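Listing of start.cif; format and content: mmCIF, C-alpha atoms and all ligand atoms.
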```cif
data_coords
#
loop_
_atom_site.group_PDB
_atom_site.id
_atom_site.type_symbol
_atom_site.label_atom_id
_atom_site.label_comp_id
_atom_site.auth_asym_id
_atom_site.auth_seq_id
_atom_site.Cartn_x
_atom_site.Cartn_y
_atom_site.Cartn_z
ATOM 1 C CA MET H 1 113.966 126.061 98.516
ATOM 2 C CA THR H 2 115.134 123.198 100.706
ATOM 3 C CA ILE H 3 114.142 119.548 100.596
ATOM 4 C CA LEU H 4 114.097 117.757 103.878
ATOM 5 C CA VAL H 5 114.551 114.028 104.238
ATOM 6 C CA GLY H 6 111.887 112.942 106.702
ATOM 7 C CA GLY H 7 111.693 109.755 108.726
ATOM 8 C CA THR H 8 110.279 107.535 105.992
ATOM 9 C CA ASN H 9 110.776 107.438 102.249
ATOM 10 C CA GLY H 10 113.943 109.488 102.461
ATOM 11 C CA LEU H 11 114.811 107.664 99.257
ATOM 12 C CA MET H 12 112.100 109.540 97.356
ATOM 13 C CA ALA H 13 113.317 112.849 98.771
ATOM 14 C CA LEU H 14 116.822 111.961 97.558
ATOM 15 C CA LYS H 15 115.526 111.050 94.095
ATOM 16 C CA VAL H 16 113.528 114.288 93.883
ATOM 17 C CA ALA H 17 116.564 116.296 94.999
ATOM 18 C CA LYS H 18 118.611 114.626 92.265
ATOM 19 C CA ILE H 19 116.010 115.244 89.546
ATOM 20 C CA THR H 20 115.291 118.873 90.477
ATOM 21 C CA GLY H 21 118.704 119.965 91.734
ATOM 22 C CA ILE H 22 117.005 121.368 94.838
ATOM 23 C CA PRO H 23 119.357 120.928 97.810
ATOM 24 C CA LEU H 24 118.726 118.491 100.616
ATOM 25 C CA CYS H 25 118.560 119.805 104.108
ATOM 26 C CA TYR H 26 120.418 117.706 106.660
ATOM 27 C CA SER H 27 118.557 116.779 109.792
ATOM 28 C CA HIS H 28 118.630 114.270 112.603
ATOM 29 C CA VAL H 29 115.522 112.241 113.486
ATOM 30 C CA ASP H 30 115.879 109.912 116.436
ATOM 31 C CA SER H 31 114.026 108.516 119.441
ATOM 32 C CA TYR H 32 114.811 108.537 123.158
ATOM 33 C CA PRO H 33 114.967 105.084 124.771
ATOM 34 C CA ASP H 34 111.291 105.332 125.810
ATOM 35 C CA GLY H 35 110.250 105.998 122.207
ATOM 36 C CA GLU H 36 109.821 109.773 122.540
ATOM 37 C CA LYS H 37 110.778 111.573 119.307
ATOM 38 C CA TYR H 38 113.935 113.684 118.888
ATOM 39 C CA PHE H 39 114.476 116.035 115.953
ATOM 40 C CA ARG H 40 117.147 118.574 115.019
ATOM 41 C CA PHE H 41 117.899 120.571 111.869
ATOM 42 C CA ALA H 42 121.561 120.269 110.938
ATOM 43 C CA SER H 43 121.386 122.926 108.191
ATOM 44 C CA ASN H 44 120.340 126.551 108.301
ATOM 45 C CA ILE H 45 116.771 126.855 107.049
ATOM 46 C CA GLU H 46 116.189 130.517 107.846
ATOM 47 C CA GLY H 47 114.115 132.189 105.112
ATOM 48 C CA GLU H 48 113.734 128.883 103.196
ATOM 49 C CA ASP H 49 110.652 127.133 101.850
ATOM 50 C CA VAL H 50 110.928 123.761 103.558
ATOM 51 C CA VAL H 51 109.490 120.620 101.964
ATOM 52 C CA ILE H 52 108.992 117.706 104.333
ATOM 53 C CA PHE H 53 108.825 114.197 102.838
ATOM 54 C CA ASN H 54 107.081 111.642 104.998
ATOM 55 C CA SER H 55 105.120 108.634 103.793
ATOM 56 C CA MET H 56 102.591 107.465 106.386
ATOM 57 C CA HIS H 57 103.603 103.819 106.533
ATOM 58 C CA PRO H 58 104.354 101.979 108.752
ATOM 59 C CA ASN H 59 103.188 103.545 112.038
ATOM 60 C CA PRO H 60 101.187 106.511 110.666
ATOM 61 C CA ASP H 61 100.542 107.969 114.143
ATOM 62 C CA GLU H 62 104.274 108.243 114.776
ATOM 63 C CA ILE H 63 104.947 109.669 111.315
ATOM 64 C CA LEU H 64 102.189 112.241 111.709
ATOM 65 C CA PHE H 65 103.628 113.430 115.017
ATOM 66 C CA GLU H 66 107.132 113.504 113.559
ATOM 67 C CA THR H 67 105.913 115.667 110.647
ATOM 68 C CA LEU H 68 104.226 118.117 113.029
ATOM 69 C CA LEU H 69 107.377 118.286 115.132
ATOM 70 C CA ILE H 70 109.524 119.029 112.075
ATOM 71 C CA ALA H 71 107.079 121.687 110.803
ATOM 72 C CA GLU H 72 106.998 123.432 114.192
ATOM 73 C CA THR H 73 110.801 123.328 114.424
ATOM 74 C CA ALA H 74 111.106 124.672 110.873
ATOM 75 C CA TYR H 75 108.991 127.717 111.686
ATOM 76 C CA SER H 76 110.734 128.362 114.986
ATOM 77 C CA ASN H 77 114.048 128.336 113.089
ATOM 78 C CA GLY H 78 112.864 130.955 110.615
ATOM 79 C CA ALA H 79 111.506 128.883 107.691
ATOM 80 C CA LYS H 80 109.424 130.950 105.270
ATOM 81 C CA SER H 81 106.917 128.189 104.547
ATOM 82 C CA VAL H 82 106.394 124.473 105.099
ATOM 83 C CA THR H 83 105.054 122.125 102.428
ATOM 84 C CA CYS H 84 104.447 118.458 103.192
ATOM 85 C CA VAL H 85 104.792 115.685 100.656
ATOM 86 C CA PHE H 86 102.957 112.601 101.881
ATOM 87 C CA PRO H 87 103.514 110.069 99.065
ATOM 88 C CA TYR H 88 101.128 107.794 100.984
ATOM 89 C CA PHE H 89 98.573 109.558 103.161
ATOM 90 C CA ALA H 90 96.878 107.289 105.708
ATOM 91 C CA TYR H 91 93.720 107.950 107.769
ATOM 92 C CA ALA H 92 91.452 108.225 104.712
ATOM 93 C CA ARG H 93 89.772 104.823 104.634
ATOM 94 C CA THR H 94 87.284 105.218 107.495
ATOM 95 C CA LEU H 95 84.528 107.113 105.747
ATOM 96 C CA ASP H 96 81.021 106.642 107.056
ATOM 97 C CA SER H 97 81.345 106.575 110.805
ATOM 98 C CA ILE H 98 79.181 104.201 112.740
ATOM 99 C CA LYS H 99 77.753 105.961 115.803
ATOM 100 C CA GLY H 100 80.555 106.354 118.332
ATOM 101 C CA GLU H 101 83.297 105.546 115.820
ATOM 102 C CA ALA H 102 86.195 107.973 115.285
ATOM 103 C CA LEU H 103 86.720 109.684 111.942
ATOM 104 C CA PRO H 104 90.537 110.040 112.078
ATOM 105 C CA ILE H 105 90.917 112.250 108.987
ATOM 106 C CA LYS H 106 88.989 115.032 110.789
ATOM 107 C CA THR H 107 91.447 115.063 113.682
ATOM 108 C CA VAL H 108 94.450 114.819 111.360
ATOM 109 C CA VAL H 109 93.272 117.783 109.260
ATOM 110 C CA LYS H 110 92.917 119.886 112.439
ATOM 111 C CA MET H 111 96.439 118.959 113.525
ATOM 112 C CA LEU H 112 97.941 119.858 110.136
ATOM 113 C CA LYS H 113 96.137 123.216 110.216
ATOM 114 C CA ILE H 114 97.502 124.048 113.656
ATOM 115 C CA ALA H 115 101.015 123.273 112.367
ATOM 116 C CA ASP H 116 100.462 125.946 109.663
ATOM 117 C CA ILE H 117 101.406 123.670 106.785
ATOM 118 C CA LYS H 118 100.882 125.770 103.670
ATOM 119 C CA LYS H 119 100.619 123.091 101.017
ATOM 120 C CA ILE H 120 100.049 119.334 100.971
ATOM 121 C CA ILE H 121 101.156 117.056 98.141
ATOM 122 C CA THR H 122 99.816 113.492 97.962
ATOM 123 C CA VAL H 123 99.755 110.683 95.401
ATOM 124 C CA ASP H 124 96.425 108.981 94.604
ATOM 125 C CA PHE H 125 94.860 110.211 97.832
ATOM 126 C CA HIS H 126 92.057 107.859 98.844
ATOM 127 C CA LEU H 127 89.408 110.544 99.399
ATOM 128 C CA GLN H 128 89.777 112.014 95.876
ATOM 129 C CA GLU H 129 88.987 115.528 97.179
ATOM 130 C CA ASN H 130 90.644 118.339 99.133
ATOM 131 C CA VAL H 131 89.713 117.910 102.781
ATOM 132 C CA PHE H 132 92.707 119.833 104.130
ATOM 133 C CA GLY H 133 91.505 123.432 103.878
ATOM 134 C CA VAL H 134 94.929 124.450 102.476
ATOM 135 C CA GLU H 135 96.374 124.078 98.981
ATOM 136 C CA HIS H 136 96.354 120.364 98.107
ATOM 137 C CA LEU H 137 97.940 118.815 95.049
ATOM 138 C CA ASP H 138 97.049 115.177 94.434
ATOM 139 C CA LEU H 139 99.327 113.510 91.900
ATOM 140 C CA THR H 140 98.812 110.147 90.248
ATOM 141 C CA GLY H 141 100.947 107.087 89.673
ATOM 142 C CA MET H 142 98.339 105.476 87.402
ATOM 143 C CA GLU H 143 99.876 106.510 84.089
ATOM 144 C CA LYS H 144 103.295 105.193 85.041
ATOM 145 C CA LEU H 145 101.760 101.961 86.345
ATOM 146 C CA ALA H 146 99.895 101.517 83.051
ATOM 147 C CA GLU H 147 103.137 101.964 81.092
ATOM 148 C CA TYR H 148 104.841 99.355 83.279
ATOM 149 C CA CYS H 149 101.996 96.835 82.880
ATOM 150 C CA LEU H 150 101.998 97.235 79.089
ATOM 151 C CA GLU H 151 105.728 96.594 78.986
ATOM 152 C CA GLU H 152 106.117 93.892 81.621
ATOM 153 C CA PHE H 153 102.771 92.092 81.999
ATOM 154 C CA SER H 154 100.720 92.082 78.815
ATOM 155 C CA ASP H 155 100.212 94.246 75.735
ATOM 156 C CA ASN H 156 96.463 93.615 75.650
ATOM 157 C CA PHE H 157 94.311 93.511 78.777
ATOM 158 C CA THR H 158 91.051 94.579 80.399
ATOM 159 C CA VAL H 159 91.279 96.834 83.465
ATOM 160 C CA LEU H 160 89.184 95.739 86.427
ATOM 161 C CA ALA H 161 88.377 98.013 89.375
ATOM 162 C CA PRO H 162 87.622 95.851 92.436
ATOM 163 C CA ASP H 163 85.083 98.367 93.760
ATOM 164 C CA GLU H 164 83.257 101.491 92.675
ATOM 165 C CA LYS H 165 85.746 103.847 94.339
ATOM 166 C CA ALA H 166 88.678 102.198 92.572
ATOM 167 C CA ALA H 167 86.955 102.910 89.236
ATOM 168 C CA TYR H 168 88.322 106.464 89.538
ATOM 169 C CA TRP H 169 91.940 105.251 89.410
ATOM 170 C CA ALA H 170 91.196 102.376 87.026
ATOM 171 C CA LYS H 171 89.841 104.892 84.511
ATOM 172 C CA LYS H 172 93.031 106.985 84.636
ATOM 173 C CA PHE H 173 95.042 103.784 84.176
ATOM 174 C CA ALA H 174 92.829 102.569 81.303
ATOM 175 C CA ASP H 175 92.996 105.962 79.541
ATOM 176 C CA LYS H 176 96.770 105.650 79.405
ATOM 177 C CA ALA H 177 96.699 101.966 78.381
ATOM 178 C CA GLU H 178 93.862 102.654 75.924
ATOM 179 C CA CYS H 179 91.780 99.671 77.018
ATOM 180 C CA GLU H 180 88.371 98.776 78.422
ATOM 181 C CA VAL H 181 87.601 99.303 82.122
ATOM 182 C CA LEU H 182 85.087 97.361 84.226
ATOM 183 C CA ALA H 183 84.146 97.892 87.884
ATOM 184 C CA LEU H 184 82.962 95.427 90.534
ATOM 185 C CA LYS H 185 80.860 96.187 93.625
ATOM 186 C CA LYS H 186 82.364 95.567 97.057
ATOM 187 C CA ILE H 187 80.957 95.469 100.589
ATOM 188 C CA ARG H 188 83.516 95.722 103.383
ATOM 189 C CA ILE H 189 82.704 93.538 106.402
ATOM 190 C CA ASP H 190 85.715 94.577 108.523
ATOM 191 C CA ALA H 191 89.383 95.533 108.083
ATOM 192 C CA GLU H 192 90.283 92.076 106.763
ATOM 193 C CA ASN H 193 87.109 90.786 105.060
ATOM 194 C CA VAL H 194 85.190 91.963 102.013
ATOM 195 C CA ILE H 195 82.433 90.591 99.774
ATOM 196 C CA VAL H 196 82.786 91.387 96.071
ATOM 197 C CA ASP H 197 79.764 91.059 93.784
ATOM 198 C CA ASP H 198 79.972 88.774 90.729
ATOM 199 C CA LEU H 199 80.779 90.147 87.291
ATOM 200 C CA ARG H 200 77.820 89.793 84.955
ATOM 201 C CA LYS H 201 80.008 89.609 81.883
ATOM 202 C CA GLU H 202 82.337 87.120 80.190
ATOM 203 C CA LEU H 203 86.029 88.041 80.097
ATOM 204 C CA GLU H 204 88.619 87.084 77.523
ATOM 205 C CA GLY H 205 92.402 87.451 77.660
ATOM 206 C CA ASP H 206 94.418 89.137 80.412
ATOM 207 C CA VAL H 207 93.089 91.319 83.228
ATOM 208 C CA VAL H 208 94.855 93.958 85.361
ATOM 209 C CA ILE H 209 93.119 94.732 88.663
ATOM 210 C CA VAL H 210 93.782 98.373 89.577
ATOM 211 C CA ASP H 211 93.369 99.933 93.030
ATOM 212 C CA ASP H 212 94.929 102.737 95.047
ATOM 213 C CA ILE H 213 95.833 100.572 98.066
ATOM 214 C CA VAL H 214 96.551 96.885 98.572
ATOM 215 C CA SER H 215 96.648 96.151 102.290
ATOM 216 C CA THR H 216 95.667 92.612 103.340
ATOM 217 C CA GLY H 217 95.162 91.654 99.697
ATOM 218 C CA GLY H 218 91.592 90.515 100.469
ATOM 219 C CA THR H 219 90.033 92.851 97.894
ATOM 220 C CA VAL H 220 92.301 91.968 94.970
ATOM 221 C CA CYS H 221 92.197 88.215 95.749
ATOM 222 C CA GLN H 222 88.378 88.259 95.638
ATOM 223 C CA ALA H 223 88.400 90.321 92.448
ATOM 224 C CA ALA H 224 90.924 87.906 90.891
ATOM 225 C CA ARG H 225 88.699 84.900 91.701
ATOM 226 C CA ILE H 226 85.758 86.647 90.038
ATOM 227 C CA ALA H 227 87.842 87.583 86.984
ATOM 228 C CA LYS H 228 89.049 83.968 86.596
ATOM 229 C CA ARG H 229 85.500 82.650 86.966
ATOM 230 C CA ALA H 230 84.416 85.065 84.239
ATOM 231 C CA GLY H 231 87.050 83.648 81.879
ATOM 232 C CA ALA H 232 90.171 85.796 82.378
ATOM 233 C CA LYS H 233 93.339 84.103 81.126
ATOM 234 C CA ARG H 234 95.926 85.736 83.392
ATOM 235 C CA VAL H 235 95.287 88.197 86.223
ATOM 236 C CA PHE H 236 97.746 90.910 87.333
ATOM 237 C CA VAL H 237 97.502 93.632 89.985
ATOM 238 C CA ALA H 238 98.686 97.247 89.870
ATOM 239 C CA CYS H 239 98.353 99.637 92.812
ATOM 240 C CA THR H 240 99.843 102.900 93.989
ATOM 241 C CA HIS H 241 100.371 102.063 97.663
ATOM 242 C CA ALA H 242 101.527 98.534 98.520
ATOM 243 C CA ILE H 243 100.933 98.310 102.267
ATOM 244 C CA LEU H 244 101.054 94.496 101.978
ATOM 245 C CA ALA H 245 100.127 93.845 105.615
ATOM 246 C CA LYS H 246 101.195 90.583 107.250
ATOM 247 C CA ASP H 247 101.332 87.755 104.667
ATOM 248 C CA ALA H 248 99.471 89.673 101.925
ATOM 249 C CA ILE H 249 102.083 88.991 99.263
ATOM 250 C CA MET H 250 101.797 85.217 99.847
ATOM 251 C CA ARG H 251 97.990 85.380 99.779
ATOM 252 C CA ILE H 252 98.075 87.327 96.536
ATOM 253 C CA LEU H 253 100.470 85.034 94.699
ATOM 254 C CA GLU H 254 98.809 81.871 96.060
ATOM 255 C CA SER H 255 95.414 83.120 94.840
ATOM 256 C CA GLY H 256 96.552 82.653 91.237
ATOM 257 C CA ILE H 257 97.439 86.299 90.569
ATOM 258 C CA GLU H 258 100.435 86.181 88.206
ATOM 259 C CA ASP H 259 102.231 89.302 89.434
ATOM 260 C CA ILE H 260 101.734 92.599 91.271
ATOM 261 C CA VAL H 261 103.359 95.990 90.847
ATOM 262 C CA SER H 262 103.165 99.170 92.904
ATOM 263 C CA THR H 263 104.776 102.591 92.958
ATOM 264 C CA ASP H 264 107.442 103.637 95.463
ATOM 265 C CA THR H 265 105.150 105.790 97.645
ATOM 266 C CA ILE H 266 105.669 102.950 100.125
ATOM 267 C CA LEU H 267 108.819 100.895 99.696
ATOM 268 C CA SER H 268 107.847 97.241 99.211
ATOM 269 C CA PRO H 269 109.235 94.235 97.300
ATOM 270 C CA VAL H 270 106.922 95.125 94.385
ATOM 271 C CA SER H 271 107.637 98.895 94.188
ATOM 272 C CA HIS H 272 109.001 98.713 90.654
ATOM 273 C CA VAL H 273 107.519 102.005 89.443
ATOM 274 C CA SER H 274 108.952 105.257 90.761
ATOM 275 C CA VAL H 275 106.785 108.370 91.008
ATOM 276 C CA ALA H 276 109.751 110.519 92.068
ATOM 277 C CA ASP H 277 109.719 112.261 88.661
ATOM 278 C CA VAL H 278 105.977 113.006 89.012
ATOM 279 C CA VAL H 279 106.597 114.528 92.461
ATOM 280 C CA ALA H 280 109.693 116.342 91.166
ATOM 281 C CA SER H 281 107.776 118.101 88.395
ATOM 282 C CA ALA H 282 105.096 119.152 90.884
ATOM 283 C CA ILE H 283 107.706 120.678 93.198
ATOM 284 C CA ASP H 284 109.775 122.232 90.457
HETATM 285 C C1 LIG I 301 89.571 100.705 99.918
HETATM 286 O O1 LIG I 301 88.534 101.250 99.572
HETATM 287 C C2 LIG I 301 90.826 100.710 99.073
HETATM 288 O O2 LIG I 301 90.643 101.325 97.842
HETATM 289 C C3 LIG I 301 91.360 99.304 98.867
HETATM 290 O O3 LIG I 301 90.435 98.569 98.098
HETATM 291 C C4 LIG I 301 91.563 98.619 100.188
HETATM 292 O O4 LIG I 301 92.322 99.430 101.032
HETATM 293 C C5 LIG I 301 92.261 97.296 99.997
HETATM 294 O O5 LIG I 301 92.392 96.692 101.232
HETATM 295 P P1 LIG I 301 92.673 95.154 101.363
HETATM 296 O O6 LIG I 301 93.868 94.838 100.527
HETATM 297 O O7 LIG I 301 92.910 94.934 102.827
HETATM 298 O O8 LIG I 301 91.441 94.420 100.894
#
```
Exercise: express the given structure as structure tokens:
Amino acid sequence: MTILVGGTNGLMALKVAKITGIPLCYSHVDSYPDGEKYFRFASNIEGEDVVIFNSMHPNPDEILFETLLIAETAYSNGAKSVTCVFPYFAYARTLDSIKGEALPIKTVVKMLKIADIKKIITVDFHLQENVFGVEHLDLTGMEKLAEYCLEEFSDNFTVLAPDEKAAYWAKKFADKAECEVLALKKIRIDAENVIVDDLRKELEGDVVIVDDIVSTGGTVCQAARIAKRAGAKRVFVACTHAILAKDAIMRILESGIEDIVSTDTILSPVSHVSVADVVASAID
């Protein structure tokens, strides 16, 4: 088996290689001056099972194309199989299409199929189901995040899911932390604005808001305001994928949230929890 360092999150591929002892495959990813992608294998991959690591942030369109290019090149150089590890998989947040609106995940799934990718590994995939039509392993960072929060934030807290979908991850987190979990209701207005329904319950003590993705921070800031209004003492945030678009980190800390932690599926200033060992055991 060979591990390939892709364009993004090569650090996780390196960590996984170190944990498992599986060798890294050297390669060269570059761009021509007009932005067109260049790729070359610098190791022999003939007969190998190739594992491509590529986290879809930033510039998911570019990363998707790069992954397809690497997969195609792997097969044309004699690879036995290609597995893709997408620690963060984008394109999964547009769900109910408005008439005329694109549903990107459909197109992406078709492209991955054409590239003959045999297995896909993700971490806390937003759709919570296998849409790929090939073997799909979805891992979770929730248990490790819960351990971190218990050690670094508070030893006694309530878990709050900012919307009904997030309740799925919040429950996994709460099972590990052995604490109560509550869920809010959210209506998304557009990419940057959401309305979160009030909590019809009094809160006491600390609260950890748990979600898969924090992008603009709008969702967690609204949830934090509601938690404070309901009586929460301190509010923290834990998420798997810290996209932290634009000035999200400032918005989050200015909103009164004490601290935020994420995993290293996307490398950000708050990626204090590594899921490399979770990925490593899945690959091993
Ligand atoms: C959406 O359903 C996700 O689970 C997150 O709640 C969402 O991506 C967060 O986005 P933002 O930080 O921009 O509110």
To box range 278-283 of chain H, take all atoms listed in the file, fit an axis-aligned box, add 5 Å on each side, and give centre and edge lengths in Å to one decimal, as lines of an AutoDock Vina configuration file.
```
center_x = 107.4
center_y = 116.8
center_z = 90.8
size_x = 14.6
size_y = 17.7
size_z = 14.8
```
I'd like to know which of H:Ile260, H:Ala276, H:Ile45, H:Leu184 is closest to Val85 in chain H, using only C-alpha atoms. H:Ala276
Please provide the set of residues having any atom within 9 Å of Ile19 in chain H, restricted to only C-alpha atoms, with same-chain residues fewer than 6 positions apart removed, written as an NGL selection string. :H and (276-277 or 280-281)
How would the residues just picked look written out with C-alpha atoms as a short mmCIF file (atom, residue, chain, number, x, y, z; two decimals), keeping the file's coordinate frame?
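Full text of part29.cif as output:
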```cif
data_model
loop_
_atom_site.label_atom_id
_atom_site.label_comp_id
_atom_site.auth_asym_id
_atom_site.auth_seq_id
_atom_site.Cartn_x
_atom_site.Cartn_y
_atom_site.Cartn_z
CA ALA H 276 109.75 110.52 92.07
CA ASP H 277 109.72 112.26 88.66
CA ALA H 280 109.69 116.34 91.17
CA SER H 281 107.78 118.10 88.40
#
```
For a quick check of understanding, using all atoms listed in the file, which of H:Gly256, H:Gly78, H:Gly205, H:Pro162 has the smallest distance to ligand LIG 301 (chain I)? H:Pro162
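The residues returned by the PyMOL selection byres (((not hetatm)) within 7 of (chain I and resi 301)) on the shown structure are Arg93, His126, Pro162, Asp163, Lys165, Ala166, Ala191, Glu192, Val194, Asp211, Asp212, Ile213, Val214, Ser215, Thr216, Gly217, Gly218, Thr219 and Val220 of chain H.
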List the residues sitting within 12 Å of (116.5, 116.5, 94.3) in the file's frame, using all atoms listed in the file, as number ranges by chain. H: 1-5, 10-25, 51, 53, 276-277, 279-281, 283-284
May I have the selected residues written with C-alpha atoms, as a PDB file, keeping the file's coordinate frame?
```
ATOM      1  CA  MET H   1     113.966 126.061  98.516  1.00  0.00           C
ATOM      2  CA  THR H   2     115.134 123.198 100.706  1.00  0.00           C
ATOM      3  CA  ILE H   3     114.142 119.548 100.596  1.00  0.00           C
ATOM      4  CA  LEU H   4     114.097 117.757 103.878  1.00  0.00           C
ATOM      5  CA  VAL H   5     114.551 114.028 104.238  1.00  0.00           C
ATOM      6  CA  GLY H  10     113.943 109.488 102.461  1.00  0.00           C
ATOM      7  CA  LEU H  11     114.811 107.664  99.257  1.00  0.00           C
ATOM      8  CA  MET H  12     112.100 109.540  97.356  1.00  0.00           C
ATOM      9  CA  ALA H  13     113.317 112.849  98.771  1.00  0.00           C
ATOM     10  CA  LEU H  14     116.822 111.961  97.558  1.00  0.00           C
ATOM     11  CA  LYS H  15     115.526 111.050  94.095  1.00  0.00           C
ATOM     12  CA  VAL H  16     113.528 114.288  93.883  1.00  0.00           C
ATOM     13  CA  ALA H  17     116.564 116.296  94.999  1.00  0.00           C
ATOM     14  CA  LYS H  18     118.611 114.626  92.265  1.00  0.00           C
ATOM     15  CA  ILE H  19     116.010 115.244  89.546  1.00  0.00           C
ATOM     16  CA  THR H  20     115.291 118.873  90.477  1.00  0.00           C
ATOM     17  CA  GLY H  21     118.704 119.965  91.734  1.00  0.00           C
ATOM     18  CA  ILE H  22     117.005 121.368  94.838  1.00  0.00           C
ATOM     19  CA  PRO H  23     119.357 120.928  97.810  1.00  0.00           C
ATOM     20  CA  LEU H  24     118.726 118.491 100.616  1.00  0.00           C
ATOM     21  CA  CYS H  25     118.560 119.805 104.108  1.00  0.00           C
ATOM     22  CA  VAL H  51     109.490 120.620 101.964  1.00  0.00           C
ATOM     23  CA  PHE H  53     108.825 114.197 102.838  1.00  0.00           C
ATOM     24  CA  ALA H 276     109.751 110.519  92.068  1.00  0.00           C
ATOM     25  CA  ASP H 277     109.719 112.261  88.661  1.00  0.00           C
ATOM     26  CA  VAL H 279     106.597 114.528  92.461  1.00  0.00           C
ATOM     27  CA  ALA H 280     109.693 116.342  91.166  1.00  0.00           C
ATOM     28  CA  SER H 281     107.776 118.101  88.395  1.00  0.00           C
ATOM     29  CA  ILE H 283     107.706 120.678  93.198  1.00  0.00           C
ATOM     30  CA  ASP H 284     109.775 122.232  90.457  1.00  0.00           C
TER      31      ASP H 284
END
```
